[in-house]
$ cat start_3.csv   # CSV, C-alpha atoms and all ligand atoms
chain,number,residue,atom,x,y,z
A,4,MET,CA,0.0,0.0,0.0
A,5,SER,CA,2.7,2.5,1.0
A,6,VAL,CA,4.7,1.8,-2.1
A,7,SER,CA,1.9,2.5,-4.5
A,8,THR,CA,0.8,5.5,-2.4
A,9,THR,CA,4.2,7.1,-2.9
A,10,GLN,CA,4.1,6.2,-6.6
A,11,ALA,CA,0.8,7.8,-6.9
A,12,ALA,CA,1.9,10.9,-5.0
A,13,THR,CA,5.2,11.4,-6.9
A,14,GLY,CA,5.6,9.4,-10.1
A,15,PHE,CA,2.2,10.2,-11.6
A,16,SER,CA,1.5,13.5,-10.0
A,17,THR,CA,2.1,15.4,-13.2
A,18,LYS,CA,-1.4,14.3,-14.3
A,19,VAL,CA,-2.9,15.9,-11.2
A,20,GLN,CA,-3.6,19.5,-12.1
A,21,PRO,CA,-5.2,22.4,-10.2
A,22,ARG,CA,-8.4,21.9,-12.3
A,23,HIS,CA,-8.6,18.4,-10.8
A,24,LEU,CA,-7.8,19.5,-7.3
A,25,GLU,CA,-10.5,22.1,-7.3
A,26,ARG,CA,-13.1,19.3,-7.8
A,27,LEU,CA,-13.9,16.3,-5.6
A,28,ALA,CA,-11.8,13.2,-5.1
A,29,VAL,CA,-14.2,10.2,-5.0
A,30,VAL,CA,-13.1,7.0,-3.3
A,31,TYR,CA,-15.3,4.1,-4.6
A,32,VAL,CA,-15.4,1.1,-2.2
A,33,ARG,CA,-16.9,-2.1,-3.2
A,34,GLN,CA,-16.9,-5.8,-2.3
A,35,SER,CA,-19.2,-7.9,-4.4
A,36,SER,CA,-20.8,-10.2,-1.8
A,37,LEU,CA,-21.6,-9.9,1.8
A,38,GLN,CA,-19.4,-12.9,2.4
A,39,GLN,CA,-16.5,-11.0,0.9
A,40,VAL,CA,-17.3,-8.0,3.0
A,41,GLN,CA,-17.1,-10.1,6.1
A,42,HIS,CA,-14.0,-12.1,5.2
A,43,HIS,CA,-11.9,-9.6,3.3
A,44,GLN,CA,-12.0,-6.8,5.7
A,45,GLU,CA,-8.3,-6.2,4.8
A,46,SER,CA,-9.3,-5.3,1.3
A,47,THR,CA,-12.1,-3.1,2.4
A,48,ARG,CA,-9.7,-1.3,4.8
A,49,ALA,CA,-7.2,-0.8,1.9
A,50,GLN,CA,-10.0,0.7,-0.1
A,51,TYR,CA,-10.9,3.2,2.6
A,52,GLY,CA,-7.2,3.9,2.9
A,53,LEU,CA,-7.3,5.6,-0.5
A,54,LYS,CA,-8.7,8.6,1.3
A,55,ASP,CA,-5.2,9.2,2.6
A,56,THR,CA,-3.8,8.8,-0.9
A,57,ALA,CA,-6.1,11.5,-2.1
A,58,ALA,CA,-4.9,13.8,0.8
A,59,ARG,CA,-1.3,13.1,-0.1
A,60,MET,CA,-1.9,14.1,-3.7
A,61,GLY,CA,-3.2,17.5,-2.4
A,62,TRP,CA,-7.0,17.1,-2.0
A,63,PRO,CA,-8.3,18.8,1.2
A,64,SER,CA,-10.2,16.3,3.3
A,65,ALA,CA,-13.4,18.2,2.9
A,66,ARG,CA,-13.3,17.5,-0.8
A,67,VAL,CA,-12.7,13.7,-0.5
A,68,VAL,CA,-15.9,11.7,-0.8
A,69,VAL,CA,-16.4,8.0,-0.2
A,70,ILE,CA,-19.0,6.2,-2.1
A,71,ASP,CA,-19.6,2.8,-0.5
A,72,GLU,CA,-23.4,2.1,-1.1
A,73,ASP,CA,-22.5,-0.9,-3.2
A,74,LEU,CA,-20.7,-2.9,-0.5
A,75,GLY,CA,-22.0,-6.4,-0.9
A,76,ILE,CA,-23.5,-6.0,-4.4
A,77,SER,CA,-22.2,-7.8,-7.5
A,78,GLY,CA,-20.4,-5.9,-10.1
A,79,ALA,CA,-21.7,-8.0,-13.0
A,80,SER,CA,-24.0,-5.1,-14.0
A,81,ALA,CA,-24.6,-1.6,-12.9
A,82,GLU,CA,-28.3,-2.2,-12.3
A,83,GLY,CA,-29.2,-2.1,-8.7
A,84,ARG,CA,-25.9,-0.5,-7.7
A,85,ASN,CA,-26.9,2.9,-6.5
A,86,GLY,CA,-23.3,3.9,-5.7
A,87,PHE,CA,-22.1,3.3,-9.2
A,88,GLN,CA,-25.0,5.2,-10.7
A,89,ARG,CA,-24.3,8.1,-8.2
A,90,LEU,CA,-20.6,8.0,-9.3
A,91,LEU,CA,-21.6,8.4,-13.0
A,92,ALA,CA,-24.0,11.2,-12.1
A,93,GLU,CA,-21.3,13.1,-10.1
A,94,VAL,CA,-18.9,12.8,-13.0
A,95,ALA,CA,-21.5,14.0,-15.5
A,96,LEU,CA,-22.2,17.0,-13.2
A,97,ASP,CA,-18.6,18.0,-13.5
A,98,HIS,CA,-18.1,17.6,-9.7
A,99,VAL,CA,-15.2,15.0,-9.8
A,100,GLY,CA,-11.5,15.5,-10.3
A,101,ILE,CA,-10.4,12.0,-9.7
A,102,ILE,CA,-11.9,8.6,-8.9
A,103,LEU,CA,-9.9,6.3,-6.7
A,104,GLY,CA,-10.5,2.6,-6.2
A,105,VAL,CA,-8.7,-0.7,-5.7
A,106,GLU,CA,-8.4,-2.4,-9.1
A,107,MET,CA,-10.6,0.2,-10.7
A,108,SER,CA,-11.8,-1.9,-13.6
A,109,ARG,CA,-13.4,-4.3,-11.2
A,110,LEU,CA,-15.9,-1.7,-10.1
A,111,ALA,CA,-17.5,-2.2,-13.4
A,112,ARG,CA,-17.3,-5.9,-14.3
A,113,SER,CA,-19.4,-5.4,-17.4
A,114,CYS,CA,-17.5,-3.7,-20.1
A,115,LYS,CA,-20.5,-1.6,-21.0
A,116,ASP,CA,-20.5,0.0,-17.6
A,117,TRP,CA,-16.8,0.5,-17.7
A,118,TYR,CA,-16.7,2.2,-21.1
A,119,GLN,CA,-19.6,4.4,-20.1
A,120,LEU,CA,-17.5,5.6,-17.1
A,121,LEU,CA,-14.4,6.1,-19.3
A,122,GLU,CA,-16.4,8.1,-21.8
A,123,LEU,CA,-17.7,10.4,-19.1
A,124,CYS,CA,-14.4,10.8,-17.4
A,125,ALA,CA,-12.7,11.7,-20.8
A,126,ALA,CA,-15.5,14.2,-21.5
A,127,PHE,CA,-15.2,15.9,-18.1
A,128,GLY,CA,-11.5,15.6,-17.6
A,129,THR,CA,-11.7,13.3,-14.6
A,130,LEU,CA,-8.7,11.2,-13.7
A,131,ILE,CA,-8.9,7.5,-12.6
A,132,GLY,CA,-6.5,6.1,-10.0
A,133,ASP,CA,-5.9,2.6,-8.7
A,134,LEU,CA,-3.0,0.9,-6.8
A,135,ASP,CA,-0.9,0.8,-10.0
A,136,GLY,CA,-1.1,4.4,-10.9
A,137,ILE,CA,-3.2,7.3,-12.2
A,138,TYR,CA,-4.7,7.5,-15.6
A,139,ASP,CA,-6.2,10.2,-17.7
A,140,PRO,CA,-9.0,8.6,-19.9
A,141,GLY,CA,-8.6,11.6,-22.2
A,142,GLN,CA,-5.1,10.4,-23.3
A,143,TYR,CA,-4.9,7.7,-25.9
A,144,ASN,CA,-2.3,5.5,-24.1
A,145,ASP,CA,-4.1,5.6,-20.7
A,146,ARG,CA,-7.4,5.0,-22.4
A,147,LEU,CA,-6.0,1.9,-24.1
A,148,LEU,CA,-4.7,0.5,-20.9
A,149,LEU,CA,-7.9,1.2,-19.0
A,150,GLY,CA,-9.9,-0.5,-21.8
A,151,LEU,CA,-7.6,-3.5,-21.5
A,152,LYS,CA,-8.0,-3.7,-17.8
A,153,GLY,CA,-11.8,-3.7,-18.2
A,154,THR,CA,-11.7,-6.5,-20.8
A,155,MET,CA,-9.5,-8.6,-18.5
A,156,SER,CA,-11.8,-8.1,-15.6
A,157,GLU,CA,-14.8,-9.2,-17.6
A,158,ALA,CA,-12.9,-12.2,-18.9
A,159,GLU,CA,-11.9,-13.2,-15.4
A,160,LEU,CA,-15.6,-13.0,-14.3
A,161,HIS,CA,-16.6,-15.2,-17.2
A,162,VAL,CA,-13.9,-17.8,-16.4
A,163,LEU,CA,-15.0,-18.0,-12.8
A,164,ARG,CA,-18.6,-18.4,-13.7
A,165,GLN,CA,-17.8,-21.0,-16.4
A,166,ARG,CA,-15.7,-23.0,-14.0
A,167,LEU,CA,-18.5,-23.0,-11.4
A,168,LEU,CA,-21.1,-24.1,-14.0
A,169,GLN,CA,-18.8,-26.8,-15.5
A,170,GLY,CA,-18.2,-28.2,-12.0
A,171,ARG,CA,-21.9,-28.5,-11.4
A,172,GLU,CA,-22.5,-30.1,-14.8
A,173,GLN,CA,-19.7,-32.7,-14.4
A,174,LYS,CA,-21.0,-33.6,-11.0
A,175,ALA,CA,-24.5,-34.0,-12.5
A,176,ARG,CA,-23.1,-36.2,-15.3
A,177,ARG,CA,-21.7,-38.5,-12.6
A,178,GLY,CA,-25.1,-38.4,-10.9
A,179,GLU,CA,-23.6,-36.9,-7.8
A,180,LEU,CA,-25.0,-33.5,-7.8
A,181,VAL,CA,-27.6,-33.4,-5.0
A,182,LEU,CA,-30.9,-32.3,-6.4
A,183,PRO,CA,-34.1,-31.7,-4.5
A,184,VAL,CA,-36.5,-34.7,-4.4
A,185,PRO,CA,-40.3,-34.3,-4.9
A,186,SER,CA,-43.2,-35.5,-2.7
A,187,GLY,CA,-43.0,-39.3,-2.4
A,188,TYR,CA,-39.3,-39.5,-2.0
A,189,VAL,CA,-36.8,-38.9,0.8
A,190,ARG,CA,-33.0,-38.7,0.8
A,191,THR,CA,-31.3,-40.9,3.3
A,192,PRO,CA,-28.5,-39.5,5.5
A,193,GLY,CA,-26.1,-41.3,3.1
A,194,GLY,CA,-27.4,-39.3,0.2
A,195,GLU,CA,-29.4,-42.1,-1.5
A,196,VAL,CA,-32.9,-41.3,-2.9
A,197,VAL,CA,-35.5,-43.8,-1.7
A,198,LEU,CA,-39.3,-44.0,-1.6
A,199,ASP,CA,-41.0,-42.1,1.2
A,200,PRO,CA,-41.3,-44.5,4.2
A,201,ASP,CA,-44.8,-43.1,4.9
A,202,GLU,CA,-47.4,-45.4,3.2
A,203,GLU,CA,-50.0,-42.6,2.9
A,204,VAL,CA,-47.6,-40.3,1.2
A,205,ARG,CA,-46.8,-42.9,-1.4
A,206,ALA,CA,-50.5,-43.7,-1.9
A,207,VAL,CA,-51.4,-40.1,-2.6
A,208,VAL,CA,-48.6,-39.9,-5.3
A,209,ARG,CA,-49.9,-43.1,-6.9
A,210,ALA,CA,-53.4,-41.7,-6.8
A,211,LEU,CA,-52.3,-38.6,-8.6
A,212,PHE,CA,-50.9,-40.5,-11.5
A,213,GLU,CA,-53.8,-42.9,-11.6
A,214,GLN,CA,-56.3,-40.1,-11.7
A,215,PHE,CA,-54.4,-38.3,-14.4
A,216,GLU,CA,-54.6,-41.4,-16.5
A,217,ARG,CA,-58.3,-41.7,-15.8
A,218,LEU,CA,-59.3,-38.0,-16.1
A,219,GLY,CA,-56.8,-36.7,-18.6
A,220,SER,CA,-56.1,-33.2,-17.2
A,221,ALA,CA,-54.2,-31.8,-14.3
A,222,HIS,CA,-57.1,-29.6,-13.3
A,223,ALA,CA,-59.5,-32.5,-13.2
A,224,VAL,CA,-57.0,-34.3,-10.9
A,225,LEU,CA,-56.9,-31.1,-8.7
A,226,ARG,CA,-60.8,-31.0,-8.5
A,227,HIS,CA,-60.8,-34.7,-7.6
A,228,PHE,CA,-58.3,-34.1,-4.8
A,229,HIS,CA,-60.3,-31.1,-3.6
A,230,ARG,CA,-63.6,-33.0,-3.6
A,231,HIS,CA,-62.1,-35.8,-1.5
A,232,GLY,CA,-60.0,-33.6,0.7
A,233,ILE,CA,-56.8,-35.3,-0.3
A,234,ARG,CA,-53.6,-33.6,0.7
A,235,LEU,CA,-50.0,-34.0,-0.5
A,236,GLY,CA,-47.4,-35.2,1.9
A,237,MET,CA,-44.4,-32.8,1.6
A,238,ARG,CA,-41.1,-33.1,3.4
A,239,VAL,CA,-39.7,-29.8,4.8
A,240,CYS,CA,-36.4,-29.4,2.9
A,241,ALA,CA,-34.5,-26.9,5.0
A,242,GLY,CA,-34.4,-25.4,8.5
A,243,PRO,CA,-34.7,-26.9,11.9
A,244,LEU,CA,-37.8,-29.0,10.8
A,245,CYS,CA,-35.9,-30.5,7.8
A,246,GLY,CA,-37.3,-33.9,6.9
A,247,THR,CA,-40.6,-33.6,8.8
A,248,LEU,CA,-43.8,-34.4,7.0
A,249,GLN,CA,-46.4,-31.7,6.3
A,250,TRP,CA,-49.7,-32.3,4.6
A,251,ARG,CA,-50.6,-29.5,2.2
A,252,ARG,CA,-53.5,-28.8,-0.1
A,253,PRO,CA,-52.3,-29.5,-3.6
A,254,GLN,CA,-51.9,-26.5,-5.9
A,255,ALA,CA,-52.4,-26.5,-9.7
A,256,SER,CA,-48.7,-25.7,-10.2
A,257,THR,CA,-47.6,-28.5,-7.9
A,258,VAL,CA,-49.7,-31.1,-9.7
A,259,VAL,CA,-48.4,-30.0,-13.1
A,260,ALA,CA,-44.8,-30.0,-11.8
A,261,MET,CA,-45.2,-33.5,-10.4
A,262,LEU,CA,-46.6,-34.8,-13.7
A,263,ARG,CA,-43.6,-33.3,-15.5
A,264,ASN,CA,-41.0,-34.5,-13.0
A,265,PRO,CA,-39.0,-37.4,-14.5
A,266,THR,CA,-38.0,-38.5,-11.0
A,267,TYR,CA,-41.3,-40.4,-10.7
A,268,ALA,CA,-40.2,-42.4,-13.8
A,269,GLY,CA,-37.0,-43.3,-12.0
A,270,ALA,CA,-34.7,-41.0,-13.9
A,271,TYR,CA,-32.0,-38.7,-12.6
A,272,VAL,CA,-32.2,-35.5,-14.7
A,273,TYR,CA,-30.3,-32.3,-14.8
A,274,GLY,CA,-30.8,-29.3,-17.1
A,275,ARG,CA,-34.5,-29.4,-17.7
A,276,SER,CA,-34.7,-25.7,-18.1
A,277,VAL,CA,-32.4,-22.9,-19.4
A,278,PHE,CA,-32.3,-19.1,-18.9
A,279,ASP,CA,-34.0,-17.1,-21.5
A,280,PRO,CA,-32.4,-13.6,-21.3
A,281,ARG,CA,-35.6,-12.0,-22.7
A,282,ARG,CA,-37.6,-13.2,-19.7
A,283,GLN,CA,-35.0,-12.5,-17.1
A,284,LYS,CA,-35.7,-9.8,-14.5
A,285,PRO,CA,-32.7,-7.9,-12.9
A,286,GLY,CA,-32.3,-8.8,-9.2
A,287,ARG,CA,-34.6,-11.9,-9.4
A,288,PRO,CA,-32.3,-14.8,-10.3
A,289,GLY,CA,-35.2,-17.4,-10.2
A,290,VAL,CA,-37.2,-15.7,-12.9
A,291,GLY,CA,-36.7,-16.3,-16.6
A,292,ARG,CA,-36.1,-20.1,-16.8
A,293,VAL,CA,-37.8,-21.9,-19.7
A,294,ARG,CA,-38.4,-25.6,-20.1
A,295,VAL,CA,-36.4,-27.6,-22.7
A,296,ALA,CA,-37.5,-30.7,-24.5
A,297,PRO,CA,-36.4,-34.0,-23.0
A,298,GLU,CA,-34.0,-34.7,-26.0
A,299,HIS,CA,-32.1,-31.5,-25.0
A,300,TRP,CA,-31.7,-32.2,-21.3
A,301,LEU,CA,-28.1,-32.0,-20.2
A,302,VAL,CA,-28.2,-35.2,-18.2
A,303,CYS,CA,-30.8,-38.0,-18.2
A,304,ARG,CA,-29.9,-41.2,-16.5
A,305,ARG,CA,-32.8,-43.6,-16.6
A,306,ASP,CA,-33.7,-46.4,-14.2
A,307,VAL,CA,-31.5,-45.2,-11.4
A,308,LEU,CA,-34.2,-44.2,-8.9
A,309,PRO,CA,-37.2,-46.1,-7.5
A,310,ALA,CA,-40.1,-45.3,-9.9
A,311,TYR,CA,-43.8,-44.7,-9.5
A,312,ILE,CA,-44.6,-44.8,-13.2
A,313,SER,CA,-42.9,-46.3,-16.3
A,314,TRP,CA,-40.9,-44.1,-18.7
A,315,GLU,CA,-43.6,-44.7,-21.3
A,316,THR,CA,-46.3,-43.5,-19.0
A,317,TYR,CA,-44.2,-40.4,-18.2
A,318,GLN,CA,-43.9,-39.6,-21.9
A,319,ARG,CA,-47.6,-40.2,-22.5
A,320,ASN,CA,-48.4,-37.8,-19.6
A,321,LEU,CA,-46.1,-35.1,-21.1
A,322,ALA,CA,-47.8,-35.5,-24.5
A,323,GLN,CA,-51.3,-35.3,-22.8
A,324,LEU,CA,-50.3,-32.1,-21.0
A,325,ALA,CA,-49.0,-30.5,-24.2
A,326,SER,CA,-52.2,-31.3,-26.1
A,327,ASN,CA,-54.3,-29.9,-23.3
A,328,GLN,CA,-52.3,-26.8,-23.4
A,329,SER,CA,-52.6,-26.3,-27.1
A,330,ARG,CA,-56.4,-26.9,-26.8
A,331,ILE,CA,-56.6,-24.2,-24.2
A,332,ALA,CA,-54.6,-21.8,-26.3
A,333,GLN,CA,-56.9,-22.3,-29.2
A,334,LYS,CA,-60.0,-21.9,-27.1
A,335,GLY,CA,-58.6,-19.1,-25.1
A,336,ALA,CA,-58.9,-16.2,-27.6
A,337,ILE,CA,-60.6,-13.4,-25.7
A,338,ARG,CA,-64.1,-12.8,-26.7
A,339,ARG,CA,-64.9,-9.1,-26.8
A,340,GLY,CA,-67.8,-7.9,-24.8
A,341,ARG,CA,-69.0,-5.1,-22.8
A,342,ALA,CA,-67.9,-5.0,-19.2
A,343,LEU,CA,-67.0,-1.6,-17.9
A,344,LEU,CA,-65.0,-2.8,-14.9
A,345,GLN,CA,-63.0,-5.5,-16.6
A,346,GLY,CA,-59.9,-6.2,-14.6
A,347,LEU,CA,-60.9,-3.7,-11.9
A,348,VAL,CA,-63.3,-5.6,-9.7
A,349,VAL,CA,-61.8,-7.1,-6.5
A,350,CYS,CA,-63.5,-9.9,-4.6
A,351,GLY,CA,-64.8,-8.8,-1.2
A,352,ARG,CA,-64.4,-12.2,0.3
A,353,CYS,CA,-60.7,-13.0,-0.5
A,354,GLY,CA,-59.3,-9.9,-2.1
A,355,THR,CA,-58.5,-11.5,-5.5
A,356,ARG,CA,-58.9,-9.6,-8.7
A,357,MET,CA,-62.0,-11.0,-10.4
A,358,PHE,CA,-62.1,-12.5,-13.8
A,359,THR,CA,-64.4,-11.3,-16.5
A,360,TYR,CA,-66.3,-14.0,-18.2
A,361,PHE,CA,-67.9,-13.5,-21.6
A,362,GLY,CA,-70.1,-16.5,-22.3
A,363,LYS,CA,-71.5,-17.3,-25.7
A,364,ARG,CA,-75.1,-16.9,-24.7
A,365,VAL,CA,-75.0,-15.5,-21.2
A,366,HIS,CA,-74.3,-11.9,-20.3
A,367,PRO,CA,-70.8,-11.0,-19.1
A,368,ARG,CA,-70.1,-11.9,-15.4
A,369,TYR,CA,-67.4,-11.1,-12.9
A,370,LEU,CA,-66.1,-14.2,-11.3
A,371,CYS,CA,-63.6,-14.9,-8.5
A,372,LEU,CA,-61.8,-18.0,-9.6
A,373,ARG,CA,-58.8,-18.1,-7.2
A,374,GLU,CA,-59.9,-21.1,-5.3
A,375,ARG,CA,-60.8,-22.9,-8.5
A,376,HIS,CA,-57.6,-22.1,-10.3
A,377,HIS,CA,-55.2,-22.9,-7.5
A,378,HIS,CA,-56.9,-25.7,-5.6
A,379,GLY,CA,-59.6,-27.1,-7.9
A,380,GLY,CA,-62.3,-25.8,-5.5
A,381,PRO,CA,-65.6,-24.1,-6.3
A,382,CYS,CA,-66.0,-20.5,-7.7
A,383,CYS,CA,-65.7,-18.2,-4.7
A,384,GLN,CA,-68.4,-15.8,-5.9
A,385,GLY,CA,-69.7,-14.2,-9.1
A,386,LEU,CA,-72.2,-11.6,-10.3
A,387,MET,CA,-73.7,-10.2,-13.5
A,388,ALA,CA,-71.5,-7.4,-14.9
A,389,ARG,CA,-74.5,-5.3,-16.1
A,390,GLY,CA,-76.0,-4.5,-12.7
A,391,LEU,CA,-72.7,-3.4,-11.2
A,392,ASP,CA,-71.6,-1.5,-14.3
A,393,ASP,CA,-74.9,0.5,-14.3
A,394,GLU,CA,-74.5,1.3,-10.7
A,395,VAL,CA,-70.9,2.5,-11.0
A,396,SER,CA,-71.7,4.6,-14.1
A,397,ARG,CA,-74.6,6.2,-12.2
A,398,ILE,CA,-72.3,7.1,-9.3
A,399,VAL,CA,-69.1,8.0,-11.1
A,400,LEU,CA,-70.1,9.2,-14.5
B,501,ZN,ZN,-62.9,-14.6,-3.7
$ encode --input "start_3.csv" --output "structure tokens" --more "lines below"
Ligand SMILES: [Zn+2]
Amino acid sequence: MSVSTTQAATGFSTKVQPRHLERLAVVYVRQSSLQQVQHHQESTRAQYGLKDTAARMGWPSARVVVIDEDLGISGASAEGRNGFQRLLAEVALDHVGIILGVEMSRLARSCKDWYQLLELCAAFGTLIGDLDGIYDPGQYNDRLLLGLKGTMSEAELHVLRQRLLQGREQKARRGELVLPVPSGYVRTPGGEVVLDPDEEVRAVVRALFEQFERLGSAHAVLRHFHRHGIRLGMRVCAGPLCGTLQWRRPQASTVVAMLRNPTYAGAYVYGRSVFDPRRQKPGRPGVGRVRVAPEHWLVCRRDVLPAYISWETYQRNLAQLASNQSRIAQKGAIRRGRALLQGLVVCGRCGTRMFTYFGKRVHPRYLCLRERHHHGGPCCQGLMARGLDDEVSRIVL
């Protein structure tokens, strides 16, 4: 630290001009994960130490600002990092003479963010300094070097991520990657996946597949379960109650997920879904996964787990689900009708937004279908649209 500080103060000080000194020196502090923040306190301390570097180069302490809002936030993209956005804003407002940071290019791991910062710094005559020296983004040589540093940081991030993914994939190919097991299975302390020891849990899982065979749709199975008050036995998968049995009302999404889950056909499968960047939402890592067809699964080892159904039945179920879906899509074209409060009525009983139903022969109705959609239960309540629409028009319009 002391060596580079002296370097910064002497060897590169020709770049620091009065026009820089009369503006702010910004110290940008960042560690990308909370774990890093806790375990690499040395690095964080070094980053804060840059305040002294600024002082030694001639900045009065009143004009040294530390931006550390991004502690614990990944540098993969500037989104969600308020500190980085603030930094850009300050530069663009011509408030900043120099930005200091440890390994500056890491503060923007995505090259897009990094080049945006370089562009701005060049336009406003702002210097950039790290432990290796001080750069003027307005000068060709410095710009080239900064660009290279950014590219290398991005490559480093890519290599790290790739290594992590490959590790998981290789483990999965050997069948050793521990994946969560669905209702009807438990994992022994030794890591082996076996059928649930509870007879009733297994019976419900079998009933689900039998009823699907008989009724032909996931929703019909759900209604059947609701009518008979059948609950699914789920094992708590984390926390102090891990492994204990809980009986839950089946949900439509759970039933469909079970029918699609190849574990029940005795297969160990990895890579049933991939990320679709168009559907991804920043800050929500779980969103944006789309299913891939069985022939494109990364790993599929058949006949390695105890099965509830045969592989042929499993495939038949998938085909049945797909044909149900395409039938719904054909039928589901919205019929236009007159309902003033479409999408605005909220159910007074359960607070759900009500669905507007345009029947062929009947008048439009507002229906609360939450219970029906999620659990296969009855319609919560419904009413004719016309009466309510007239009343609202009279009061409001
Ligand atoms: Zn309701």
$ atom_distance --input "start_3.csv" --atom1 "CA of Glu298 in chain A" --atom2 "CA of Ala310 in chain A"
20.2 Å
$ residues_around --input "start_3.csv" --residues "range 168-170 of chain A" --least-positions-apart "5" --cutoff "12 Å" --atoms "only C-alpha atoms" --output "PyMOL selection string"
chain A and resi 161-163+175-177+179-180+274+301
$ residues_near_ligand --input "start_3.csv" --ligand "ligand ZN 501 (chain B)" --cutoff "6 Å" --atoms "all atoms listed in the file" --output "list in words"
Cys350, Arg352, Cys353, Thr355, Cys371 and Cys383 of chain A
$ residues_around --input "start_3.csv" --residues "range 239-244 of chain A" --least-positions-apart "5" --cutoff "12 Å" --atoms "all atoms listed in the file" --output "mmCIF file with C-alpha atoms, in the coordinates of the input"
data_model
loop_
_atom_site.group_PDB
_atom_site.id
_atom_site.type_symbol
_atom_site.label_atom_id
_atom_site.label_comp_id
_atom_site.auth_asym_id
_atom_site.auth_seq_id
_atom_site.Cartn_x
_atom_site.Cartn_y
_atom_site.Cartn_z
ATOM 1 C CA LEU A 182 -30.900 -32.300 -6.400
ATOM 2 C CA PRO A 183 -34.100 -31.700 -4.500
ATOM 3 C CA VAL A 184 -36.500 -34.700 -4.400
ATOM 4 C CA PRO A 185 -40.300 -34.300 -4.900
ATOM 5 C CA SER A 186 -43.200 -35.500 -2.700
ATOM 6 C CA TYR A 188 -39.300 -39.500 -2.000
ATOM 7 C CA VAL A 189 -36.800 -38.900 0.800
ATOM 8 C CA ARG A 190 -33.000 -38.700 0.800
ATOM 9 C CA GLN A 249 -46.400 -31.700 6.300
ATOM 10 C CA TRP A 250 -49.700 -32.300 4.600
ATOM 11 C CA ARG A 251 -50.600 -29.500 2.200
#
$ atom_distance --input "start_3.csv" --atom1 "CA of Leu344 in chain A" --atom2 "CA of Ala388 in chain A"
8.0 Å
$ residues_near_point --input "start_3.csv" --point "(-58.8, -36.9, -8.2)" --cutoff "12 Å" --atoms "all atoms listed in the file" --output "PyMOL selection string"
chain A and resi 207-234+253+258+378-380
$ residues_around --input "start_3.csv" --residues "Gln20 in chain A" --least-positions-apart "2" --cutoff "12 Å" --atoms "all atoms listed in the file" --output "JSON, numbers by chain"
{"A": [15, 16, 17, 18, 22, 23, 24, 25, 26, 60, 61, 62, 100, 101, 128, 129, 130, 139]}
$ residues_around --input "start_3.csv" --residues "Tyr369 in chain A" --least-positions-apart "6" --cutoff "6 Å" --atoms "all atoms listed in the file" --output "PyMOL selection string"
chain A and resi 357-359+385-386+388
$ closest_residue --input "start_3.csv" --among "A:Ala58, A:Thr247, A:Leu120, A:Pro63" --to "Arg89 in chain A" --atoms "all atoms listed in the file"
A:Leu120
$ residues_near_point --input "start_3.csv" --point "(-55.4, -22.5, -7.3)" --cutoff "6 Å" --atoms "only C-alpha atoms" --output "PyMOL selection string"
chain A and resi 254-255+373-378
$ atom_distance --input "start_3.csv" --atom1 "CA of His299 in chain A" --atom2 "CA of Tyr271 in chain A"
14.3 Å
$ residues_around --input "start_3.csv" --residues "Leu27 in chain A" --least-positions-apart "5" --cutoff "10 Å" --atoms "only C-alpha atoms" --output "PDB file with C-alpha atoms, in the coordinates of the input"
ATOM      1  CA  ALA A  57      -6.100  11.500  -2.100  1.00  0.00           C
ATOM      2  CA  TRP A  62      -7.000  17.100  -2.000  1.00  0.00           C
ATOM      3  CA  PRO A  63      -8.300  18.800   1.200  1.00  0.00           C
ATOM      4  CA  SER A  64     -10.200  16.300   3.300  1.00  0.00           C
ATOM      5  CA  ALA A  65     -13.400  18.200   2.900  1.00  0.00           C
ATOM      6  CA  ARG A  66     -13.300  17.500  -0.800  1.00  0.00           C
ATOM      7  CA  VAL A  67     -12.700  13.700  -0.500  1.00  0.00           C
ATOM      8  CA  VAL A  68     -15.900  11.700  -0.800  1.00  0.00           C
ATOM      9  CA  GLU A  93     -21.300  13.100 -10.100  1.00  0.00           C
ATOM     10  CA  VAL A  94     -18.900  12.800 -13.000  1.00  0.00           C
ATOM     11  CA  ASP A  97     -18.600  18.000 -13.500  1.00  0.00           C
ATOM     12  CA  HIS A  98     -18.100  17.600  -9.700  1.00  0.00           C
ATOM     13  CA  VAL A  99     -15.200  15.000  -9.800  1.00  0.00           C
ATOM     14  CA  GLY A 100     -11.500  15.500 -10.300  1.00  0.00           C
ATOM     15  CA  ILE A 101     -10.400  12.000  -9.700  1.00  0.00           C
ATOM     16  CA  ILE A 102     -11.900   8.600  -8.900  1.00  0.00           C
ATOM     17  CA  THR A 129     -11.700  13.300 -14.600  1.00  0.00           C
TER      18      THR A 129
END
$ closest_residue --input "start_3.csv" --among "A:Cys303, A:Leu372, A:Ala92, A:Ala270" --to "Glu172 in chain A" --atoms "all atoms listed in the file"
A:Cys303
$ build_atoms --input "start_3.csv" --residues "range 310-314 of chain A" --atoms "N, CA and C atoms" --output "short mmCIF file (atom, residue, chain, number, x, y, z; two decimals), in the frame of the given file"
data_model
loop_
_atom_site.label_atom_id
_atom_site.label_comp_id
_atom_site.auth_asym_id
_atom_site.auth_seq_id
_atom_site.Cartn_x
_atom_site.Cartn_y
_atom_site.Cartn_z
N ALA A 310 -39.12 -46.01 -9.03
CA ALA A 310 -40.10 -45.30 -9.90
C ALA A 310 -41.54 -45.54 -9.39
N TYR A 311 -42.40 -44.57 -9.68
CA TYR A 311 -43.80 -44.70 -9.50
C TYR A 311 -44.55 -45.07 -10.77
N ILE A 312 -43.97 -44.58 -11.88
CA ILE A 312 -44.60 -44.80 -13.20
C ILE A 312 -43.47 -45.26 -14.16
N SER A 313 -43.88 -45.86 -15.27
CA SER A 313 -42.90 -46.30 -16.30
C SER A 313 -42.48 -45.05 -17.10
N TRP A 314 -41.36 -45.18 -17.81
CA TRP A 314 -40.90 -44.10 -18.70
C TRP A 314 -41.91 -43.82 -19.78
#
